[in-house]
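Visitor: The structure that follows is given in the form of structure tokens.
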Amino acid sequence: MQPDTYSLEESLGQNKFNEDMEALDGFIGQGLIADVLGIVKSGKEATVFCCEAAQGAGVPYFAAKVYRQRDVRSFRNDAVYNAGRLRGAENRVARAIVTKTSFGREASFASWVSDEFQTLSLLHDAGCDVPQPFVHSERVIIMEYIGDEEGPAPVLSSVRLDRADAERALAQILRNVELALAHDRIHGDLSAYNVLYLAGAVRLIDFPQAVDARFNPNALSLLERDLANICGYFDRQGVPADAGRLARALWSRYLRSEL
């Protein structure tokens, strides 16, 4: 039995469907993906597909995150996240990204995909509750599928938890935020919409905008916003938490290398 997902053409439209299938062709040709089964979710920046893994892959399914083409995708407020991101880039590349030339937009797009893969790799290896990444291309990240035969794991925003489950979920998320910060990473867009919840456990997803806290001058404000979003959700679940106090305490410990 395969996971229940959204149909392909009906959800995307024929043109987007063809573009995304073309982006996945290489992984099918490499013998990594046996079949594309359906859509887990589709947004402005990317579509996540459930794929049947090829025999011998070691897992039954993959999640394939396919980013929108450069000319149609648009990350919100890139400058906030790009601050410090260009450290080490060649001068001409950095200038092109800042001035948003055609070459700069291509370079920026490639860096968002690559950076998300590298962030997932770093955090997964550190023990964070994130999908395991396997491989990526210019437009695609192949990662662990989070779900079961009934379908993909729901996002936290769609789940109603009792108080005990909510307390456990909040503790798990705060542990992940702390562990990520201990490895110099802040999600940057964390909310109940990009936390998966399955069988009492959470998985944090969607890291293209994650920042390196050592180099991004907006790091603290992004951490505060992440925690405000999360604590706002749990407050509505009957588990209040002081987001500002949590953020300040975490940041203070981070600066003292105590995480």
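In the structure tokens, chains take letters A, B, ... by order of appearance, with residues numbered from 1 within each chain and ligands from 1 in the order shown.
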Write out as a PyMOL selection string each polymer residue whose atoms come within 7 Å of region 208-222 of chain A, counting only C-alpha atoms; drop sequence neighbours fewer than 2 positions from it.
Guide: chain A and resi 80-81+83-84+112-113+115-116+184-188+206+224-226
Visitor: Quick one: residues within 10 Å of Val202 (chain A), only C-alpha atoms, excluding same-chain residues fewer than 2 positions away - as a PDB file with C-alpha atoms, in the first residue's frame?
Guide:
ATOM      1  CA  ASP A 129      14.684  16.074  14.417  1.00  0.00           C
ATOM      2  CA  VAL A 130      14.827  16.950  10.708  1.00  0.00           C
ATOM      3  CA  ALA A 153       2.747  13.496   8.431  1.00  0.00           C
ATOM      4  CA  VAL A 155       1.861  19.923   9.817  1.00  0.00           C
ATOM      5  CA  LEU A 156       1.544  20.962  13.434  1.00  0.00           C
ATOM      6  CA  ARG A 168       5.871  17.300  25.034  1.00  0.00           C
ATOM      7  CA  ALA A 169       5.798  18.739  21.513  1.00  0.00           C
ATOM      8  CA  LEU A 170       6.847  22.188  22.727  1.00  0.00           C
ATOM      9  CA  GLN A 172      10.846  18.749  21.605  1.00  0.00           C
ATOM     10  CA  ILE A 173      10.777  21.864  19.421  1.00  0.00           C
ATOM     11  CA  ASN A 176      15.693  21.327  18.465  1.00  0.00           C
ATOM     12  CA  VAL A 195       6.826  21.416  11.869  1.00  0.00           C
ATOM     13  CA  LEU A 196       5.542  17.929  11.093  1.00  0.00           C
ATOM     14  CA  TYR A 197       3.835  15.894  13.803  1.00  0.00           C
ATOM     15  CA  LEU A 198       3.591  12.120  13.650  1.00  0.00           C
ATOM     16  CA  ALA A 199       3.092   9.523  16.400  1.00  0.00           C
ATOM     17  CA  GLY A 200       3.854  12.029  19.139  1.00  0.00           C
ATOM     18  CA  LEU A 204      11.300  20.491  11.642  1.00  0.00           C
ATOM     19  CA  ILE A 205      11.267  21.178   7.898  1.00  0.00           C
TER      20      ILE A 205
END
Visitor: Tell me which of A:Thr119, A:Ser137, A:Asn194, A:Ser158 sits closest to Tyr67 (chain A), counting only C-alpha atoms.
Guide: A:Ser137
Visitor: For each of A:Cys128, A:Asp148, A:Arg236, A:Phe17, take the minimum atom-to-atom distance to Pro60 (chain A), counting only C-alpha atoms, then give the residue where this is smallest.
Guide: A:Asp148
Visitor: Just give me the gap between CA of Gln30 (chain A) and CA of Glu45 (chain A) in Å, one decimal is fine.
Guide: 25.4 Å
Visitor: Enumerate, as a VMD selection string, the complete set of residues in region 94-245 of chain A that a backbone-based DSSP assignment places in helix (DSSP H, G or I).
Guide: chain A and resid 94 to 99 102 to 126 156 to 158 163 to 182 192 to 194 219 to 236 243 to 245
Visitor: What is the CA of Ala57 (chain A)-CA of Pro3 (chain A) distance in Å, reported with one decimal?
Guide: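 Separating CA of Ala57 (chain A) from CA of Pro3 (chain A) is a distance of 17.5 Å.
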Visitor: Counting only C-alpha atoms, which residue out of A:Ala166, A:Leu24, A:Ala53, A:Ile146 sits closest to Tyr233 (chain A)?
Guide: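 Residue with the minimum atom-to-atom distance to Tyr233 (chain A): A:Ala166.
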